[in-house]
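With mmCIF, C-alpha atoms and all ligand atoms inside, this is my_file.cif:
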```
data_work
#
loop_
_atom_site.group_PDB
_atom_site.id
_atom_site.type_symbol
_atom_site.label_atom_id
_atom_site.label_comp_id
_atom_site.auth_asym_id
_atom_site.auth_seq_id
_atom_site.Cartn_x
_atom_site.Cartn_y
_atom_site.Cartn_z
ATOM 1 C CA MET A 1 0.000 0.000 0.000
ATOM 2 C CA GLN A 2 1.395 3.352 -1.035
ATOM 3 C CA ILE A 3 1.137 6.385 1.231
ATOM 4 C CA VAL A 4 1.212 9.678 -0.615
ATOM 5 C CA LYS A 5 1.557 12.880 1.382
ATOM 6 C CA THR A 6 1.813 15.642 -1.191
ATOM 7 C CA VAL A 7 -0.411 16.888 -3.988
ATOM 8 C CA ALA A 8 2.547 16.892 -6.388
ATOM 9 C CA ASP A 9 3.341 13.223 -5.699
ATOM 10 C CA PHE A 10 -0.288 12.284 -6.045
ATOM 11 C CA LYS A 11 -0.529 14.040 -9.398
ATOM 12 C CA THR A 12 2.558 12.171 -10.653
ATOM 13 C CA LEU A 13 1.022 8.856 -9.608
ATOM 14 C CA ARG A 14 -2.321 9.837 -11.129
ATOM 15 C CA ALA A 15 -0.693 10.696 -14.464
ATOM 16 C CA GLU A 16 0.848 7.207 -14.527
ATOM 17 C CA TRP A 17 -2.605 5.681 -13.863
ATOM 18 C CA ASP A 18 -3.931 7.731 -16.799
ATOM 19 C CA ARG A 19 -1.239 6.309 -19.059
ATOM 20 C CA GLN A 20 -2.334 2.824 -17.983
ATOM 21 C CA ARG A 21 -6.002 3.777 -18.524
ATOM 22 C CA LEU A 22 -6.941 2.681 -15.003
ATOM 23 C CA THR A 23 -10.202 3.536 -13.246
ATOM 24 C CA ILE A 24 -10.028 5.093 -9.783
ATOM 25 C CA SER A 25 -12.248 5.178 -6.691
ATOM 26 C CA LEU A 26 -11.885 7.601 -3.824
ATOM 27 C CA VAL A 27 -13.142 7.147 -0.264
ATOM 28 C CA PRO A 28 -12.635 10.407 1.663
ATOM 29 C CA THR A 29 -12.321 10.025 5.450
ATOM 30 C CA MET A 30 -11.030 11.842 8.497
ATOM 31 C CA GLY A 31 -9.501 8.623 9.848
ATOM 32 C CA ALA A 32 -10.306 6.970 13.215
ATOM 33 C CA LEU A 33 -11.701 4.283 10.968
ATOM 34 C CA HIS A 34 -14.502 1.911 11.943
ATOM 35 C CA ALA A 35 -16.709 -0.578 10.123
ATOM 36 C CA GLY A 36 -18.824 2.278 8.711
ATOM 37 C CA HIS A 37 -15.802 3.610 6.850
ATOM 38 C CA LEU A 38 -14.746 0.133 5.787
ATOM 39 C CA SER A 39 -18.209 -0.538 4.321
ATOM 40 C CA LEU A 40 -17.489 2.249 1.816
ATOM 41 C CA LEU A 41 -14.610 0.232 0.393
ATOM 42 C CA GLY A 42 -16.968 -2.430 -1.056
ATOM 43 C CA PRO A 43 -18.370 -0.446 -3.998
ATOM 44 C CA ALA A 44 -15.042 1.368 -4.365
ATOM 45 C CA ARG A 45 -13.368 -1.920 -5.258
ATOM 46 C CA LYS A 46 -14.912 -1.934 -8.699
ATOM 47 C CA ALA A 47 -12.184 0.501 -9.764
ATOM 48 C CA ASP A 48 -8.686 -0.627 -10.798
ATOM 49 C CA ARG A 49 -7.194 1.538 -8.041
ATOM 50 C CA LEU A 50 -8.761 2.257 -4.651
ATOM 51 C CA VAL A 51 -7.656 5.444 -2.918
ATOM 52 C CA VAL A 52 -8.610 6.340 0.660
ATOM 53 C CA SER A 53 -7.853 9.828 1.898
ATOM 54 C CA ILE A 54 -7.303 10.542 5.573
ATOM 55 C CA PHE A 55 -7.489 14.233 6.340
ATOM 56 C CA VAL A 56 -8.925 15.882 9.438
ATOM 57 C CA ASN A 57 -10.158 18.937 7.592
ATOM 58 C CA PRO A 58 -9.708 22.078 9.744
ATOM 59 C CA ALA A 59 -12.045 24.051 7.452
ATOM 60 C CA GLN A 60 -15.083 22.030 8.517
ATOM 61 C CA PHE A 61 -14.602 22.499 12.266
ATOM 62 C CA GLY A 62 -15.943 25.559 14.081
ATOM 63 C CA PRO A 63 -13.718 27.423 16.565
ATOM 64 C CA GLN A 64 -15.431 25.769 19.556
ATOM 65 C CA GLU A 65 -15.466 22.278 18.015
ATOM 66 C CA ASP A 66 -13.303 19.193 18.519
ATOM 67 C CA LEU A 67 -10.558 19.677 15.876
ATOM 68 C CA GLN A 68 -7.699 19.322 18.386
ATOM 69 C CA ARG A 69 -9.339 16.491 20.211
ATOM 70 C CA TYR A 70 -10.478 14.533 17.136
ATOM 71 C CA PRO A 71 -9.004 10.993 17.362
ATOM 72 C CA ARG A 72 -6.036 10.309 15.052
ATOM 73 C CA PRO A 73 -5.000 6.651 15.455
ATOM 74 C CA LEU A 74 -2.924 6.740 12.270
ATOM 75 C CA GLU A 75 -0.955 3.500 12.606
ATOM 76 C CA ARG A 76 -4.101 1.548 13.325
ATOM 77 C CA ASP A 77 -5.946 3.178 10.423
ATOM 78 C CA LEU A 78 -3.139 2.348 8.019
ATOM 79 C CA SER A 79 -3.000 -1.302 9.061
ATOM 80 C CA LEU A 80 -6.796 -1.596 8.705
ATOM 81 C CA LEU A 81 -6.606 -0.163 5.195
ATOM 82 C CA GLU A 82 -3.673 -2.343 4.238
ATOM 83 C CA ALA A 83 -5.573 -5.433 5.433
ATOM 84 C CA GLN A 84 -8.511 -4.300 3.251
ATOM 85 C CA GLY A 85 -6.340 -4.249 0.137
ATOM 86 C CA VAL A 86 -6.434 -0.472 -0.351
ATOM 87 C CA ASP A 87 -3.915 0.569 -3.025
ATOM 88 C CA THR A 88 -3.121 4.113 -1.972
ATOM 89 C CA VAL A 89 -3.689 6.313 1.054
ATOM 90 C CA PHE A 90 -3.628 10.038 0.426
ATOM 91 C CA LEU A 91 -2.477 11.571 3.683
ATOM 92 C CA PRO A 92 -1.875 15.286 3.211
ATOM 93 C CA SER A 93 -1.008 17.738 5.983
ATOM 94 C CA ALA A 94 -3.244 20.740 6.666
ATOM 95 C CA THR A 95 -0.720 23.083 5.004
ATOM 96 C CA GLU A 96 -0.571 20.844 1.942
ATOM 97 C CA ILE A 97 -4.313 21.359 1.418
ATOM 98 C CA TYR A 98 -4.507 24.938 2.711
ATOM 99 C CA PRO A 99 -1.101 26.511 2.087
ATOM 100 C CA GLU A 100 -0.258 29.976 3.356
ATOM 101 C CA GLY A 101 -2.537 32.514 1.630
ATOM 102 C CA TYR A 102 -5.271 30.004 0.779
ATOM 103 C CA ARG A 103 -8.504 31.887 0.015
ATOM 104 C CA THR A 104 -10.890 29.849 -2.155
ATOM 105 C CA PHE A 105 -13.975 28.175 -0.691
ATOM 106 C CA VAL A 106 -17.074 26.594 -2.195
ATOM 107 C CA THR A 107 -20.564 27.077 -0.793
ATOM 108 C CA VAL A 108 -23.614 25.165 -1.979
ATOM 109 C CA GLU A 109 -26.176 27.857 -1.305
ATOM 110 C CA GLY A 110 -29.532 27.272 0.357
ATOM 111 C CA MET A 111 -28.457 23.867 1.676
ATOM 112 C CA SER A 112 -25.494 24.620 3.892
ATOM 113 C CA SER A 113 -27.013 26.655 6.725
ATOM 114 C CA GLU A 114 -29.942 24.362 7.470
ATOM 115 C CA LEU A 115 -30.093 21.267 9.704
ATOM 116 C CA CYS A 116 -26.498 20.544 10.785
ATOM 117 C CA GLY A 117 -25.404 23.801 9.152
ATOM 118 C CA ALA A 118 -27.486 25.812 11.636
ATOM 119 C CA SER A 119 -25.459 24.685 14.637
ATOM 120 C CA ARG A 120 -22.235 24.233 12.653
ATOM 121 C CA PRO A 121 -21.849 27.465 10.636
ATOM 122 C CA GLY A 122 -19.236 27.046 7.888
ATOM 123 C CA HIS A 123 -19.136 23.262 8.270
ATOM 124 C CA PHE A 124 -20.502 22.415 4.818
ATOM 125 C CA ARG A 125 -18.431 25.137 3.178
ATOM 126 C CA GLY A 126 -15.405 23.323 4.600
ATOM 127 C CA VAL A 127 -16.723 19.927 3.503
ATOM 128 C CA ALA A 128 -17.580 21.034 -0.047
ATOM 129 C CA THR A 129 -14.217 22.776 -0.418
ATOM 130 C CA VAL A 130 -12.121 19.831 0.703
ATOM 131 C CA VAL A 131 -14.128 17.308 -1.313
ATOM 132 C CA LEU A 132 -13.838 19.469 -4.425
ATOM 133 C CA LYS A 133 -10.074 19.700 -3.870
ATOM 134 C CA LEU A 134 -9.796 15.946 -3.345
ATOM 135 C CA ILE A 135 -11.791 15.325 -6.520
ATOM 136 C CA HIS A 136 -9.436 17.602 -8.466
ATOM 137 C CA ILE A 137 -6.318 16.012 -7.034
ATOM 138 C CA VAL A 138 -7.386 12.344 -7.188
ATOM 139 C CA ARG A 139 -9.647 12.652 -10.259
ATOM 140 C CA PRO A 140 -11.674 9.563 -9.280
ATOM 141 C CA HIS A 141 -14.320 7.965 -11.475
ATOM 142 C CA TRP A 142 -16.249 7.111 -8.302
ATOM 143 C CA ALA A 143 -16.271 8.723 -4.873
ATOM 144 C CA VAL A 144 -17.994 6.854 -2.047
ATOM 145 C CA PHE A 145 -19.768 8.445 0.932
ATOM 146 C CA GLY A 146 -21.935 7.200 3.808
ATOM 147 C CA GLN A 147 -25.651 7.818 4.230
ATOM 148 C CA LYS A 148 -24.760 8.529 7.877
ATOM 149 C CA ASP A 149 -23.905 12.085 6.747
ATOM 150 C CA ALA A 150 -27.092 12.504 4.724
ATOM 151 C CA GLN A 151 -26.948 16.283 4.386
ATOM 152 C CA GLN A 152 -23.348 16.044 3.241
ATOM 153 C CA THR A 153 -24.254 13.602 0.449
ATOM 154 C CA ILE A 154 -27.142 15.809 -0.708
ATOM 155 C CA ILE A 155 -24.904 18.893 -0.779
ATOM 156 C CA LEU A 156 -22.077 17.066 -2.551
ATOM 157 C CA ARG A 157 -24.423 15.655 -5.189
ATOM 158 C CA ARG A 158 -25.599 19.177 -5.885
ATOM 159 C CA MET A 159 -22.010 20.455 -6.089
ATOM 160 C CA VAL A 160 -21.070 17.689 -8.550
ATOM 161 C CA ARG A 161 -24.086 18.556 -10.680
ATOM 162 C CA ASP A 162 -23.673 22.335 -10.486
ATOM 163 C CA LEU A 163 -19.948 22.283 -11.238
ATOM 164 C CA ASN A 164 -20.183 19.566 -13.935
ATOM 165 C CA LEU A 165 -17.676 17.346 -12.169
ATOM 166 C CA ASP A 166 -16.849 14.069 -13.911
ATOM 167 C CA VAL A 167 -17.344 11.816 -10.933
ATOM 168 C CA ASP A 168 -20.102 9.445 -9.815
ATOM 169 C CA LEU A 169 -21.022 9.691 -6.150
ATOM 170 C CA LEU A 170 -21.963 6.397 -4.514
ATOM 171 C CA VAL A 171 -23.744 6.382 -1.157
ATOM 172 C CA GLN A 172 -23.604 3.424 1.217
ATOM 173 C CA PRO A 173 -26.126 2.584 3.978
ATOM 174 C CA ILE A 174 -25.506 3.401 7.626
ATOM 175 C CA VAL A 175 -23.578 0.750 9.578
ATOM 176 C CA ARG A 176 -24.909 0.383 13.123
ATOM 177 C CA GLU A 177 -23.991 -1.288 16.373
ATOM 178 C CA VAL A 178 -26.265 -4.173 17.455
ATOM 179 C CA ASP A 179 -28.338 -1.807 19.591
ATOM 180 C CA GLY A 180 -28.867 0.534 16.658
ATOM 181 C CA LEU A 181 -26.333 3.281 17.399
ATOM 182 C CA ALA A 182 -24.810 4.471 14.111
ATOM 183 C CA LEU A 183 -21.048 3.968 14.108
ATOM 184 C CA SER A 184 -19.166 7.237 14.437
ATOM 185 C CA SER A 185 -15.617 8.211 15.322
ATOM 186 C CA ARG A 186 -17.188 10.485 17.944
ATOM 187 C CA ASN A 187 -18.870 7.574 19.795
ATOM 188 C CA GLN A 188 -15.588 7.105 21.635
ATOM 189 C CA TYR A 189 -16.160 10.425 23.433
ATOM 190 C CA LEU A 190 -19.198 8.875 25.207
ATOM 191 C CA SER A 191 -19.039 7.670 28.824
ATOM 192 C CA GLY A 192 -20.627 4.297 29.660
ATOM 193 C CA GLU A 193 -23.907 5.955 30.683
ATOM 194 C CA GLU A 194 -23.916 8.225 27.653
ATOM 195 C CA ARG A 195 -23.236 5.292 25.354
ATOM 196 C CA LYS A 196 -26.411 3.611 26.652
ATOM 197 C CA ALA A 197 -28.389 6.842 26.307
ATOM 198 C CA ALA A 198 -27.119 7.315 22.745
ATOM 199 C CA THR A 199 -29.473 4.603 21.454
ATOM 200 C CA ILE A 200 -32.156 7.280 21.796
ATOM 201 C CA LEU A 201 -31.297 8.456 18.255
ATOM 202 C CA PHE A 202 -32.031 5.084 16.675
ATOM 203 C CA ARG A 203 -35.044 4.507 18.925
ATOM 204 C CA SER A 204 -36.609 7.809 17.978
ATOM 205 C CA LEU A 205 -36.050 7.181 14.250
ATOM 206 C CA GLU A 206 -37.590 3.754 14.703
ATOM 207 C CA LEU A 207 -40.560 5.256 16.572
ATOM 208 C CA ALA A 208 -41.221 7.628 13.673
ATOM 209 C CA ARG A 209 -40.760 4.879 11.119
ATOM 210 C CA GLN A 210 -43.287 2.681 12.938
ATOM 211 C CA ALA A 211 -45.784 5.546 13.003
ATOM 212 C CA TRP A 212 -45.125 6.087 9.300
ATOM 213 C CA LEU A 213 -45.727 2.353 8.634
ATOM 214 C CA ARG A 214 -49.038 2.687 10.469
ATOM 215 C CA GLY A 215 -50.002 5.385 7.992
ATOM 216 C CA GLU A 216 -49.047 8.641 9.728
ATOM 217 C CA ARG A 217 -47.901 11.089 7.056
ATOM 218 C CA GLU A 218 -47.936 14.427 8.884
ATOM 219 C CA SER A 219 -44.390 15.547 9.592
ATOM 220 C CA ALA A 220 -45.435 17.626 12.619
ATOM 221 C CA VAL A 221 -46.955 14.556 14.281
ATOM 222 C CA LEU A 222 -43.973 12.333 13.513
ATOM 223 C CA LEU A 223 -41.529 14.974 14.741
ATOM 224 C CA ARG A 224 -43.496 15.534 17.936
ATOM 225 C CA GLY A 225 -43.078 11.832 18.771
ATOM 226 C CA VAL A 226 -39.336 12.063 18.110
ATOM 227 C CA ARG A 227 -39.001 15.166 20.285
ATOM 228 C CA GLU A 228 -40.960 13.658 23.159
ATOM 229 C CA LEU A 229 -38.900 10.464 23.175
ATOM 230 C CA ILE A 230 -35.627 12.381 23.119
ATOM 231 C CA ASP A 231 -36.842 14.713 25.888
ATOM 232 C CA SER A 232 -37.516 11.611 28.011
ATOM 233 C CA GLU A 233 -33.787 10.759 28.043
ATOM 234 C CA SER A 234 -32.118 12.953 30.646
ATOM 235 C CA LEU A 235 -28.624 12.724 29.098
ATOM 236 C CA ALA A 236 -29.889 13.733 25.653
ATOM 237 C CA ARG A 237 -30.700 17.160 24.240
ATOM 238 C CA LEU A 238 -32.231 17.538 20.780
ATOM 239 C CA ASP A 239 -30.339 19.851 18.432
ATOM 240 C CA TYR A 240 -32.814 19.387 15.569
ATOM 241 C CA ALA A 241 -35.147 16.855 14.026
ATOM 242 C CA ALA A 242 -36.514 17.517 10.557
ATOM 243 C CA ILE A 243 -38.313 15.814 7.705
ATOM 244 C CA VAL A 244 -36.887 17.129 4.460
ATOM 245 C CA SER A 245 -36.708 16.343 0.776
ATOM 246 C CA VAL A 246 -33.614 14.335 -0.215
ATOM 247 C CA GLU A 247 -33.477 16.419 -3.372
ATOM 248 C CA ASP A 248 -32.866 19.802 -1.799
ATOM 249 C CA LEU A 249 -33.403 19.563 1.980
ATOM 250 C CA ARG A 250 -36.663 21.506 1.714
ATOM 251 C CA PRO A 251 -38.821 20.862 4.823
ATOM 252 C CA LEU A 252 -41.808 18.620 4.010
ATOM 253 C CA ALA A 253 -45.121 19.102 5.799
ATOM 254 C CA GLU A 254 -46.283 15.685 4.547
ATOM 255 C CA VAL A 255 -44.057 12.650 4.136
ATOM 256 C CA SER A 256 -43.671 11.950 0.427
ATOM 257 C CA ALA A 257 -41.599 9.516 -1.635
ATOM 258 C CA ASP A 258 -38.360 11.447 -1.187
ATOM 259 C CA ALA A 259 -38.582 12.156 2.552
ATOM 260 C CA LEU A 260 -35.624 11.946 4.892
ATOM 261 C CA LEU A 261 -35.949 12.191 8.668
ATOM 262 C CA ALA A 262 -32.685 13.588 10.002
ATOM 263 C CA LEU A 263 -31.700 14.495 13.531
ATOM 264 C CA ALA A 264 -28.828 15.664 15.676
ATOM 265 C CA VAL A 265 -28.752 15.083 19.409
ATOM 266 C CA PHE A 266 -26.283 16.088 22.088
ATOM 267 C CA VAL A 267 -25.583 13.163 24.377
ATOM 268 C CA GLY A 268 -23.662 14.786 27.212
ATOM 269 C CA SER A 269 -21.424 17.169 25.272
ATOM 270 C CA THR A 270 -21.088 14.905 22.211
ATOM 271 C CA ARG A 271 -23.198 15.777 19.212
ATOM 272 C CA LEU A 272 -24.413 12.730 17.282
ATOM 273 C CA ILE A 273 -26.374 12.535 14.028
ATOM 274 C CA ASP A 274 -28.557 9.905 12.434
ATOM 275 C CA ASN A 275 -31.247 9.654 9.772
ATOM 276 C CA VAL A 276 -33.660 7.393 7.951
ATOM 277 C CA PHE A 277 -35.513 7.482 4.648
ATOM 278 C CA LEU A 278 -39.130 7.242 5.725
ATOM 279 C CA PRO A 279 -40.446 5.466 2.642
ATOM 280 C CA GLN A 280 -37.852 2.672 3.106
ATOM 281 C CA PRO A 281 -37.463 0.219 5.964
ATOM 282 C CA LEU A 282 -34.771 1.140 8.462
ATOM 283 C CA PRO A 283 -32.224 -1.698 8.445
ATOM 284 C CA ARG A 284 -32.810 -3.787 11.546
ATOM 285 C CA ALA A 285 -29.970 -3.530 14.079
ATOM 286 C CA GLY A 286 -27.731 -6.544 13.593
ATOM 287 C CA SER A 287 -28.987 -7.161 10.041
ATOM 288 C CA GLU A 288 -26.633 -6.848 7.109
ATOM 289 C CA SER A 289 -26.544 -3.113 6.458
ATOM 290 C CA GLY A 290 -27.180 -2.402 10.112
ATOM 291 C CA SER A 291 -24.676 -4.975 11.236
ATOM 292 C CA PRO A 292 -22.562 -4.633 14.337
ATOM 293 C CA CYS A 293 -19.184 -3.053 13.983
ATOM 294 C CA HIS A 294 -16.366 -5.514 13.817
ATOM 295 C CA GLU A 295 -13.359 -3.929 12.253
ATOM 296 C CA GLU A 296 -11.405 -7.134 11.751
HETATM 297 P P1 LIG B 301 -15.699 10.854 8.449
HETATM 298 O O1 LIG B 301 -14.389 10.157 8.684
HETATM 299 O O2 LIG B 301 -16.523 10.994 9.667
HETATM 300 O O3 LIG B 301 -15.540 12.120 7.651
HETATM 301 O O4 LIG B 301 -16.522 9.877 7.512
HETATM 302 C C1 LIG B 301 -16.012 9.457 6.283
HETATM 303 C C2 LIG B 301 -17.099 8.771 5.507
HETATM 304 O O5 LIG B 301 -17.553 7.635 6.226
HETATM 305 C C3 LIG B 301 -18.320 9.668 5.269
HETATM 306 O O6 LIG B 301 -18.779 9.493 3.931
HETATM 307 C C4 LIG B 301 -19.304 9.143 6.278
HETATM 308 O O7 LIG B 301 -20.653 9.343 5.907
HETATM 309 C C5 LIG B 301 -18.962 7.663 6.283
HETATM 310 N N1 LIG B 301 -19.450 7.037 7.512
HETATM 311 C C6 LIG B 301 -19.192 7.425 8.791
HETATM 312 N N2 LIG B 301 -19.872 6.658 9.664
HETATM 313 C C7 LIG B 301 -20.579 5.769 8.921
HETATM 314 C C8 LIG B 301 -21.494 4.712 9.248
HETATM 315 N N3 LIG B 301 -21.812 4.418 10.498
HETATM 316 N N4 LIG B 301 -22.032 4.014 8.222
HETATM 317 C C9 LIG B 301 -21.717 4.308 6.929
HETATM 318 N N5 LIG B 301 -20.867 5.290 6.569
HETATM 319 C C10 LIG B 301 -20.305 6.009 7.539
#
```
Re-express the file's structure as structure tokens.
Ligand code: AMP
Amino acid sequence: MQIVKTVADFKTLRAEWDRQRLTISLVPTMGALHAGHLSLLGPARKADRLVVSIFVNPAQFGPQEDLQRYPRPLERDLSLLEAQGVDTVFLPSATEIYPEGYRTFVTVEGMSSELCGASRPGHFRGVATVVLKLIHIVRPHWAVFGQKDAQQTIILRRMVRDLNLDVDLLVQPIVREVDGLALSSRNQYLSGEERKAATILFRSLELARQAWLRGERESAVLLRGVRELIDSESLARLDYAAIVSVEDLRPLAEVSADALLALAVFVGSTRLIDNVFLPQPLPRAGSESGSPCHEE
């Protein structure tokens, strides 16, 4: 497995792959890898070369957020990726991506300040910018993302369309622990009690999905149920819960074919996110796409 740390070296390698007419997949990550990240490698393997980037992107963290504290178990990440048969890890430094004097940022308007963007101003500007840069540097045919970050995938799809980028975005289902908690690098911030309380996200999505299966279509009613369940957990505080269109994140008063229920909840001081498409069954915890996390 090759580890490439500079843009110049990556471009040299990429030019060689062009000469060989190889296809490329990219899986962008911030490291601290778990089974959710590894699930993204599956569809990426259809390319001749599989590239994983590890970059804790300073531009997507707010000043009060966990940039310094974000876990960076690099050796472990690299051995996991090597064991998965990844060809190349792109591992740039912050100054490699944002050199002195860097000034260019991308904003997908009307989608970046809602939902997670409301409590994380500038977050999606940072995400869109780094993903656009990675797409330019790696020039992948496919880039794979997780449904876990639903708003991110919707924004990135729009960026790819608006900027006529020659890349196909693939989105993989959420990988969950057996009790339903979506895998996240931030789950390791949780204390034992908080970890138990954190199932409230999955339980509230499941509550809404059950109500939807029983025929409830009014978003206000579904969201009230979610809010009440989350309020009943003393360690949890709702940041937002919303039913929006997967096309453009527009709030939906009635659940329609393209509805996504997304939420963010503080459990203690850790902010967790989760979501479900209402017209589709939520993968059962422990079932294939909701399978427990075993990184081996
Ligand atoms: P991150 O390292 O948090 O930036 O995540 C890198 C990629 O992994 C993103 O596309 C995430 O959506 C995806 N991802 C993170 N957690 C999960 C999960 N539990 N299931 C599926 N994909 C995930």
Exercise for review: Pull out every residue that the PyMOL selection byres (((chain A and resi 113) around 12) and not hetatm) matches in the shown coordinates and put them as number ranges by chain.
Suggested key: A: 107-112, 114-125, 151-152, 155, 249
Exercise for review: Residues within 6 Å of ligand LIG 301 (chain B) should be enumerated using all atoms listed in the file and returned as a count of residues only.
Suggested key: 18
Check your understanding: By how many Å are atom CA of Val178 of chain A and atom CA of Arg227 of chain A apart?
Key ->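 Separation of atom CA of Val178 of chain A and atom CA of Arg227 of chain A: 23.3 Å.
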Taking all atoms of segment 181-184 of chain A that the file lists and extending 5 Å past them on each side, where is the centre of the axis-aligned box and how long are its edges? Answer in Å to one decimal, as lines of an AutoDock Vina configuration file.
```
center_x = -22.7
center_y = 5.3
center_z = 15.8
size_x = 17.2
size_y = 14.0
size_z = 13.3
```
Sorted by chain and rising residue number, which residues of segment 183-246 of chain A lie within 12 Å of segment 62-76 of chain A, and what are their closest atom pairs and distances in Å to one decimal, counting all atoms listed in the file, as JSON lines?
```
{"residue": "A:Ser184", "atom": "CA", "partner": "A:Pro71", "partner_atom": "CA", "distance": 11.2}
{"residue": "A:Ser185", "atom": "CA", "partner": "A:Pro71", "partner_atom": "CA", "distance": 7.5}
{"residue": "A:Arg186", "atom": "CA", "partner": "A:Tyr70", "partner_atom": "CA", "distance": 7.9}
{"residue": "A:Asn187", "atom": "CA", "partner": "A:Pro71", "partner_atom": "CA", "distance": 10.7}
{"residue": "A:Gln188", "atom": "CA", "partner": "A:Pro71", "partner_atom": "CA", "distance": 8.8}
{"residue": "A:Tyr189", "atom": "CA", "partner": "A:Pro71", "partner_atom": "CA", "distance": 9.4}
```
Review point. In Å, how far is it from atom CA of Val267 of chain A to atom CA of Ser204 of chain A?
Key: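 Here the two named atoms are 13.8 Å from each other.
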Practice item. Quick one: everything within 10 Å of Leu213 of chain A, counting all atoms listed in the file, minus sequence neighbours fewer than 2 positions away in the same chain. Send it as a list in words. Key: Leu207, Ala208, Arg209, Gln210, Ala211, Gly215, Glu216, Arg217, Leu278, Pro279, Gln280 and Pro281 of chain A
Exercise for review: Calculate how many Å separate atom CA of Leu235 of chain A from atom CA of Gly268 of chain A, rounding to one decimal.
Suggested key: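 We find that atom CA of Leu235 of chain A and atom CA of Gly268 of chain A lie 5.7 Å from each other.
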Exercise for review: Determine the residue membership of the PyMOL selection byres (((chain A and resi 84) around 12) and not hetatm) for the file above and supply it as a count of residues only.
Suggested key: 28
Check your understanding: Got a sec: who's within 10 Å of Glu96 of chain A, counting all atoms listed in the file, leaving out chain neighbours fewer than 2 positions off, as a list of chain:residue names?
Key -> A:Lys5, A:Thr6, A:Val7, A:Ala8, A:Leu91, A:Pro92, A:Ser93, A:Ala94, A:Tyr98, A:Pro99, A:Glu100
Check your understanding: Using only C-alpha atoms, which of A:Thr95, A:Ser25, A:Thr153, A:Asn164 sits nearest Lys46 of chain A?
Key -> A:Ser25
Exercise for review: Mind checking which residues fall within 10 Å of Leu181 of chain A, counting only C-alpha atoms, ignoring those fewer than 2 positions away in the same chain, and posting them as a list of chain:residue names?
Suggested key: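 The residues that qualify are A:Ile174, A:Val175, A:Arg176, A:Glu177, A:Val178, A:Asp179, A:Leu183, A:Ser184, A:Asn187, A:Arg195, A:Lys196, A:Ala197, A:Ala198, A:Thr199, A:Ile200, A:Leu201, A:Phe202, A:Arg203, A:Leu272, A:Ile273, A:Asp274, A:Ala285, A:Gly290, A:Pro292.
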Can you build me a table of segment 110-189 of chain A residues sitting at most 8 Å from segment 9-18 of chain A, with the closest atom pair per residue and its distance in Å to one decimal, using all atoms listed in the file, sorted by chain and residue number, as JSON lines?
```
{"residue": "A:Ile137", "atom": "CA", "partner": "A:Lys11", "partner_atom": "CA", "distance": 6.6}
{"residue": "A:Val138", "atom": "CA", "partner": "A:Arg14", "partner_atom": "CA", "distance": 6.9}
{"residue": "A:Arg139", "atom": "CA", "partner": "A:Arg14", "partner_atom": "CA", "distance": 7.9}
```
For the residues in that selection, give me C-alpha atoms as a PDB file, in the frame of the given file.
```pdb
ATOM      1  CA  ILE A 137      -6.318  16.012  -7.034  1.00  0.00           C
ATOM      2  CA  VAL A 138      -7.386  12.344  -7.188  1.00  0.00           C
ATOM      3  CA  ARG A 139      -9.647  12.652 -10.259  1.00  0.00           C
TER       4      ARG A 139
END
```
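If all atoms listed in the file are the atoms counted, then among A:Phe266, A:Asn275, A:Val221, A:Ile97 the closest residue to Ala253 of chain A is A:Val221.
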**Study point:** Which of A:Arg250, A:Arg224, A:Lys133, A:Arg271 sits closest to Ala236 of chain A [using all atoms listed in the file]
**Key:**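 Going through A:Arg250, A:Arg224, A:Lys133, A:Arg271 one by one, the smallest distance to Ala236 of chain A is for A:Arg271.
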Check your understanding: So which residues get picked by the PyMOL selection byres (((chain A and resi 57) around 8) and not hetatm) here, written as JSON, numbers by chain?
Key -> {"A": [30, 55, 56, 58, 59, 60, 61, 94, 126, 127, 130]}
